[in-house]
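File shown: my_file.tsv (TSV, C-alpha atoms).
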```
chain	number	residue	atom	x	y	z
E	1306	MET	CA	84.11	105.42	98.38
E	1307	THR	CA	85.64	102.30	96.91
E	1308	GLY	CA	82.70	101.13	94.82
E	1309	PRO	CA	82.07	101.80	91.15
E	1310	LEU	CA	81.72	105.30	89.81
E	1311	PRO	CA	78.14	106.53	89.27
E	1312	ASP	CA	76.69	106.76	85.77
E	1313	SER	CA	75.99	110.17	84.23
E	1314	PRO	CA	72.42	110.12	82.88
E	1315	GLY	CA	71.31	112.76	80.41
E	1316	VAL	CA	74.63	113.09	78.54
E	1317	ALA	CA	75.01	112.08	74.88
E	1318	ALA	CA	76.63	108.64	74.53
E	1319	GLY	CA	79.72	109.80	72.59
E	1320	THR	CA	80.31	112.74	74.90
E	1321	SER	CA	79.76	110.55	77.93
E	1322	GLN	CA	82.28	107.96	76.74
E	1323	ALA	CA	84.87	110.64	76.03
E	1324	ALA	CA	84.31	112.12	79.48
E	1325	TRP	CA	84.74	108.71	81.12
E	1326	ARG	CA	87.98	108.11	79.17
E	1327	ALA	CA	89.24	111.56	80.21
E	1328	LEU	CA	88.40	110.73	83.82
E	1329	ALA	CA	90.29	107.41	83.51
E	1330	LEU	CA	93.33	109.30	82.19
E	1331	ALA	CA	93.10	111.86	85.01
E	1332	LEU	CA	92.89	109.06	87.58
E	1333	ALA	CA	95.92	107.29	86.05
E	1334	THR	CA	97.87	110.57	86.10
E	1335	ALA	CA	96.96	111.17	89.75
E	1336	HIS	CA	97.95	107.59	90.54
E	1337	VAL	CA	101.38	107.98	88.91
E	1338	SER	CA	101.85	111.23	90.83
E	1339	TYR	CA	101.00	109.43	94.06
E	1340	VAL	CA	103.52	106.65	93.33
E	1341	VAL	CA	106.24	109.23	92.60
E	1342	PHE	CA	105.36	111.04	95.83
E	1343	VAL	CA	105.56	107.80	97.84
E	1344	LEU	CA	108.95	106.95	96.35
E	1345	PHE	CA	110.58	110.40	96.38
E	1346	GLY	CA	108.52	112.57	98.74
E	1347	ALA	CA	111.04	112.12	101.57
E	1348	LEU	CA	113.44	114.29	99.57
E	1349	LEU	CA	111.11	117.25	100.27
E	1350	ILE	CA	111.61	116.95	104.03
E	1351	PRO	CA	114.77	119.14	104.20
E	1352	VAL	CA	112.80	121.89	102.44
E	1353	TRP	CA	109.58	121.58	104.43
E	1354	ALA	CA	109.82	119.35	107.53
E	1355	PRO	CA	106.12	119.38	108.54
E	1356	PHE	CA	105.37	117.68	105.21
E	1357	MET	CA	106.97	114.54	106.65
E	1358	TRP	CA	103.71	113.41	108.29
E	1359	VAL	CA	101.78	113.60	105.04
E	1360	HIS	CA	104.49	111.62	103.30
E	1361	LEU	CA	104.70	109.00	106.06
E	1362	ALA	CA	100.92	108.49	105.85
E	1363	ALA	CA	101.19	108.04	102.07
E	1364	VAL	CA	104.03	105.52	102.47
E	1365	ALA	CA	102.09	103.61	105.14
E	1366	TRP	CA	98.99	103.46	102.92
E	1367	ALA	CA	100.92	102.41	99.81
E	1368	GLY	CA	103.06	99.88	101.66
E	1369	GLY	CA	100.08	98.46	103.51
E	1370	THR	CA	97.95	98.04	100.42
E	1371	MET	CA	100.83	96.41	98.55
E	1372	VAL	CA	102.05	94.11	101.33
E	1373	GLY	CA	98.50	93.18	102.30
E	1374	ASP	CA	97.49	92.88	98.62
E	1375	LEU	CA	94.43	94.99	99.41
E	1376	GLY	CA	94.19	96.77	96.09
E	1377	CYS	CA	93.85	100.50	95.66
E	1378	PRO	CA	90.51	102.25	95.18
E	1379	ILE	CA	92.01	104.52	92.52
E	1380	THR	CA	92.71	101.45	90.35
E	1381	THR	CA	89.10	100.31	90.77
E	1382	TRP	CA	87.83	103.77	89.80
E	1383	GLU	CA	90.14	103.96	86.78
E	1384	LYS	CA	89.05	100.55	85.50
E	1385	ASP	CA	85.40	101.45	86.01
E	1386	ALA	CA	85.87	104.72	84.11
E	1387	LEU	CA	87.57	102.82	81.27
E	1388	ARG	CA	84.64	100.38	81.09
E	1389	LYS	CA	82.12	103.22	81.02
E	1390	GLY	CA	84.23	104.92	78.38
E	1391	GLY	CA	83.90	101.92	76.10
E	1392	ARG	CA	87.39	100.53	76.72
E	1393	GLU	CA	88.36	97.15	78.10
E	1394	PRO	CA	90.28	97.69	81.35
E	1395	TYR	CA	93.64	96.04	81.87
E	1396	PRO	CA	93.50	92.79	83.86
E	1397	GLU	CA	96.55	93.36	86.07
E	1398	GLY	CA	97.20	95.94	88.76
E	1399	PHE	CA	98.06	99.58	88.21
E	1400	LEU	CA	101.80	99.30	88.83
E	1401	GLN	CA	102.22	96.31	86.57
E	1402	HIS	CA	100.25	97.94	83.77
E	1403	HIS	CA	101.29	101.58	83.85
E	1404	VAL	CA	104.65	101.64	85.62
E	1405	LEU	CA	106.43	98.31	85.31
E	1406	ARG	CA	104.90	97.30	81.95
E	1407	THR	CA	105.49	93.67	82.87
E	1408	ARG	CA	102.94	90.91	82.90
E	1409	PHE	CA	103.51	89.01	86.09
E	1410	ASN	CA	102.40	85.42	86.44
E	1411	PRO	CA	99.04	85.67	88.24
E	1412	ALA	CA	100.18	82.92	90.59
E	1413	ASN	CA	102.91	85.27	91.89
E	1414	ALA	CA	100.80	88.44	92.10
E	1415	ARG	CA	100.55	88.43	95.91
E	1416	ARG	CA	104.27	87.86	96.31
E	1417	ASN	CA	105.09	90.58	93.77
E	1418	HIS	CA	102.83	93.09	95.52
E	1419	ALA	CA	104.46	92.29	98.86
E	1420	ILE	CA	107.95	92.72	97.38
E	1421	LEU	CA	107.04	96.08	95.83
E	1422	GLY	CA	105.43	97.30	99.05
E	1423	LEU	CA	108.39	96.24	101.19
E	1424	ALA	CA	110.79	97.84	98.69
E	1425	ALA	CA	108.93	101.17	98.88
E	1426	ILE	CA	108.91	101.07	102.68
E	1427	GLY	CA	112.58	100.02	102.83
E	1428	MET	CA	113.66	102.75	100.44
E	1429	ASN	CA	111.87	105.38	102.51
E	1430	VAL	CA	113.31	104.06	105.78
E	1431	ALA	CA	116.79	104.40	104.27
E	1432	VAL	CA	116.12	107.95	103.05
E	1433	TYR	CA	114.63	109.05	106.38
E	1434	TRP	CA	117.50	107.38	108.24
E	1435	THR	CA	119.97	109.37	106.14
E	1436	LEU	CA	118.03	112.66	106.38
E	1437	LEU	CA	117.34	112.51	110.09
E	1438	GLY	CA	120.85	111.34	110.95
E	1439	SER	CA	119.97	108.06	112.66
```

As a first step, turn the structure in this file into structure tokens.
Amino acid sequence: MTGPLPDSPGVAAGTSQAAWRALALALATAHVSYVVFVLFGALLIPVWAPFMWVHLAAVAWAGGTMVGDLGCPITTWEKDALRKGGREPYPEGFLQHHVLRTRFNPANARRNHAILGLAAIGMNVAVYWTLLGS
């Protein structure tokens, strides 16, 4: 499901808006957790080796969406929840808004996403190389 979030009919307007804003916050929190997992999840491998496959899938998804500038469905859902909660969503991507706090020139957005995706993949390759002993 990558489309907009469904409306909630039958709920009072103020309550509904607060619920949508709470959902947007929960989505942003989950998104930050995912980014942290992508960047540092390889450090869990010495403790629980089978977890490596989950982490590699997360890195592949994150790297692919960043390098391919595909966008993330969680960002779409968060922005939709903000709109339904009566807030104007941020115009830039999730990482730029919540993590980097930098306004990139829109003309360089594709390049910046590719750099961030390649950096995440490269960092994980280096960590796995070190952990698995080449």

Nearest residue to E:Ala1327 from the set E:His1418, E:His1360, E:Lys1389, E:His1402 (distances using only C-alpha atoms): E:Lys1389

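In this comparison, which uses only C-alpha atoms, the residue of E:Leu1437, E:Ala1431, E:Pro1396, E:Asp1374 approaching E:Arg1415 most closely is E:Asp1374.
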
All residues 12 Å or closer to E:Gly1346, all atoms listed in the file, same chain fewer than 2 positions away omitted, as a VMD selection string: chain E and resid 1338 to 1344 1348 to 1354 1356 to 1364 1425 1428 to 1429 1432 to 1433

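Proximity to E:Val1372 at 12 Å, evaluated using only C-alpha atoms and with sequence-adjacent residues fewer than 3 positions away removed, yields E:Val1364, E:Ala1365, E:Trp1366, E:Ala1367, E:Gly1368, E:Gly1369, E:Leu1375, E:Gly1376, E:Cys1377, E:Ala1414, E:Arg1415, E:Arg1416, E:Asn1417, E:His1418, E:Ala1419, E:Ile1420, E:Leu1421, E:Gly1422, E:Leu1423, E:Ala1424, E:Ala1425, E:Ile1426.
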
Shell of 10 Å around E:Leu1400, all atoms listed in the file, local chain residues under 3 positions omitted, as an MDAnalysis selection string: chainID E and resid 1336:1337 1340 1380 1397 1403:1407 1418 1421

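With atom CA of E:Gly1373 on one side and atom CA of E:Ala1331 on the other, the separation reads 26.0 Å.
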
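Put simply, atom CA of E:Asp1385 is 20.5 Å away from atom CA of E:Met1371.
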
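When atom CA of E:Ala1386 is paired with atom CA of E:Gln1322, their separation reads 8.8 Å.
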
Shell around E:Glu1383 at 12 Å using all atoms listed in the file, local window under 2 positions removed, as an MDAnalysis selection string: chainID E and resid 1307:1310 1325:1336 1377:1381 1385:1390 1392:1395 1398:1399 1403

With N, CA and C atoms as the target, complete stretch 1389-1400 of chain E and hand it back as a PDB file, in the coordinates of the input.
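Everything below was put into out_10.pdb:
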```
ATOM      1  N   LYS E1389      83.202 102.309  81.388  1.00  0.00           N
ATOM      2  CA  LYS E1389      82.120 103.220  81.020  1.00  0.00           C
ATOM      3  C   LYS E1389      82.481 104.082  79.821  1.00  0.00           C
ATOM      4  N   GLY E1390      83.778 104.194  79.557  1.00  0.00           N
ATOM      5  CA  GLY E1390      84.230 104.920  78.380  1.00  0.00           C
ATOM      6  C   GLY E1390      84.357 104.049  77.147  1.00  0.00           C
ATOM      7  N   GLY E1391      83.901 102.800  77.261  1.00  0.00           N
ATOM      8  CA  GLY E1391      83.900 101.920  76.100  1.00  0.00           C
ATOM      9  C   GLY E1391      85.218 101.193  75.873  1.00  0.00           C
ATOM     10  N   ARG E1392      86.086 101.202  76.837  1.00  0.00           N
ATOM     11  CA  ARG E1392      87.390 100.530  76.720  1.00  0.00           C
ATOM     12  C   ARG E1392      87.434  99.325  77.656  1.00  0.00           C
ATOM     13  N   GLU E1393      88.165  98.317  77.244  1.00  0.00           N
ATOM     14  CA  GLU E1393      88.360  97.150  78.100  1.00  0.00           C
ATOM     15  C   GLU E1393      89.484  97.474  79.084  1.00  0.00           C
ATOM     16  N   PRO E1394      89.219  97.383  80.385  1.00  0.00           N
ATOM     17  CA  PRO E1394      90.280  97.690  81.350  1.00  0.00           C
ATOM     18  C   PRO E1394      91.352  96.602  81.368  1.00  0.00           C
ATOM     19  N   TYR E1395      92.525  96.981  81.774  1.00  0.00           N
ATOM     20  CA  TYR E1395      93.640  96.040  81.870  1.00  0.00           C
ATOM     21  C   TYR E1395      93.364  95.048  83.001  1.00  0.00           C
ATOM     22  N   PRO E1396      93.815  93.804  82.849  1.00  0.00           N
ATOM     23  CA  PRO E1396      93.500  92.790  83.860  1.00  0.00           C
ATOM     24  C   PRO E1396      94.394  92.852  85.097  1.00  0.00           C
ATOM     25  N   GLU E1397      95.595  93.355  84.956  1.00  0.00           N
ATOM     26  CA  GLU E1397      96.550  93.360  86.070  1.00  0.00           C
ATOM     27  C   GLU E1397      96.400  94.629  86.907  1.00  0.00           C
ATOM     28  N   GLY E1398      97.227  94.765  87.905  1.00  0.00           N
ATOM     29  CA  GLY E1398      97.200  95.940  88.760  1.00  0.00           C
ATOM     30  C   GLY E1398      97.802  97.161  88.103  1.00  0.00           C
ATOM     31  N   PHE E1399      97.609  98.292  88.746  1.00  0.00           N
ATOM     32  CA  PHE E1399      98.060  99.580  88.210  1.00  0.00           C
ATOM     33  C   PHE E1399      99.563  99.615  87.970  1.00  0.00           C
ATOM     34  N   LEU E1400     100.342  99.230  88.971  1.00  0.00           N
ATOM     35  CA  LEU E1400     101.800  99.300  88.830  1.00  0.00           C
ATOM     36  C   LEU E1400     102.310  98.412  87.710  1.00  0.00           C
TER      37      LEU E1400
END
```
